Amino acid sequence: MSRPEAPAEPVEPIIPPESDPAVKVPLAIEDWLAVILLAALAIITFLNVLVRYFTDQSFAWTEEISVFLLIVLTMAGGSVAFVRNHHIRIEILADSGSPRRQRIMALISNGCVLAFFLLLTVLSVKLVADEYIYEETSPAIGVPTWWYSIWLPVMAAAISLRTIGTLRRIAKSGRAAGQGQQ
């Protein structure tokens, strides 16, 4: 009879878990928003599949609501990705070189992100205003389309504010490093 093997030692992760940076507005807001939106999306899609399976009919509104939920979900995920530094980037450029070079690259990339999302905020506000003025309605449900569109400038502005906070943290870390070298 063989002896049972002892449990293996816990293995340390190759990449240590990162803690969230210190932010004034908790990242849990976007995290919970993403959880709620994903759950709603799953429930709506599941109900539509059941209805189609049993009745050969479909809820006409599910695609419209699903697209809206996916847009807001993507923007909420993007917001925390920029703060947690999990966004898409070319790592050989962003993470190589001296700390000073990495900081400069981070400032440049976050500056570009900020410019993009500020522009998106302004242009999407114009889009929402046009949809409101011209009283556009959605094709499936017939509700005003600005009900859906209003979330694009709101979330783009949230990402802009999160990016400003990231830029401030990067700039502070550079000043602190510069003071330590003197």
# chains A, B, ... in the order shown; residues from 1 in each chain; ligands from 1
$ residues_around --residues "region 109-113 of chain A" --least-positions-apart "2" --cutoff "9 Å" --atoms "only C-alpha atoms" --output "number ranges by chain"
A: 82, 89, 94, 104-107, 115-118, 159-160, 163-164, 166-167
$ residues_around --residues "Thr121 (chain A)" --least-positions-apart "4" --cutoff "8 Å" --atoms "only C-alpha atoms" --output "PyMOL selection string"
chain A and resi 117+125+152-154+156-157
$ write_last_selection --atoms "N, CA and C atoms" --output "mmCIF file, in the first residue's frame"
data_model
loop_
_atom_site.group_PDB
_atom_site.id
_atom_site.type_symbol
_atom_site.label_atom_id
_atom_site.label_comp_id
_atom_site.auth_asym_id
_atom_site.auth_seq_id
_atom_site.Cartn_x
_atom_site.Cartn_y
_atom_site.Cartn_z
ATOM 1 N N PHE A 117 -10.132 60.543 -25.751
ATOM 2 C CA PHE A 117 -11.385 60.456 -25.017
ATOM 3 C C PHE A 117 -12.015 61.828 -24.761
ATOM 4 N N VAL A 125 -21.287 64.164 -27.286
ATOM 5 C CA VAL A 125 -22.276 65.119 -26.764
ATOM 6 C C VAL A 125 -23.039 65.740 -27.935
ATOM 7 N N LEU A 152 -22.485 57.185 -23.791
ATOM 8 C CA LEU A 152 -21.182 57.283 -24.442
ATOM 9 C C LEU A 152 -20.402 58.509 -23.950
ATOM 10 N N PRO A 153 -20.969 59.733 -23.963
ATOM 11 C CA PRO A 153 -20.193 60.849 -23.421
ATOM 12 C C PRO A 153 -19.946 60.740 -21.916
ATOM 13 N N VAL A 154 -20.880 60.141 -21.192
ATOM 14 C CA VAL A 154 -20.694 59.980 -19.748
ATOM 15 C C VAL A 154 -19.494 59.075 -19.471
ATOM 16 N N ALA A 156 -17.093 58.218 -21.649
ATOM 17 C CA ALA A 156 -15.867 58.802 -22.218
ATOM 18 C C ALA A 156 -15.305 59.865 -21.279
ATOM 19 N N ALA A 157 -16.186 60.654 -20.665
ATOM 20 C CA ALA A 157 -15.732 61.653 -19.692
ATOM 21 C C ALA A 157 -15.133 60.971 -18.459
#
$ residues_around --residues "Val35 (chain A)" --least-positions-apart "3" --cutoff "12 Å" --atoms "only C-alpha atoms" --output "PyMOL selection string"
chain A and resi 28-32+38-42+69-70+72-74+76-77
$ select_by_dssp --residues "region 31-170 of chain A" --states "alpha helix (DSSP H)" --output "ChimeraX atom specification"
/A:31-55,61-83,91-94,99-133,146-149,151-170
$ atom_distance --atom1 "CA of Asn48 (chain A)" --atom2 "CA of Glu63 (chain A)"
9.4 Å
$ residues_around --residues "region 19-22 of chain A" --least-positions-apart "4" --cutoff "10 Å" --atoms "only C-alpha atoms" --output "list in words"
Pro26, Leu27, Val80, Val83, Arg84, Asn85, Gly165, Thr166 and Arg169 of chain A
$ atom_distance --atom1 "CA of Val67 (chain A)" --atom2 "CA of Tyr148 (chain A)"
9.5 Å
$ atom_distance --atom1 "CA of Ile133 (chain A)" --atom2 "CA of Trp146 (chain A)"
9.7 Å
$ closest_residue --among "A:Ile36, A:Ile43, A:Leu123, A:Ile65" --to "Ala140 (chain A)" --atoms "only C-alpha atoms"
A:Ile65
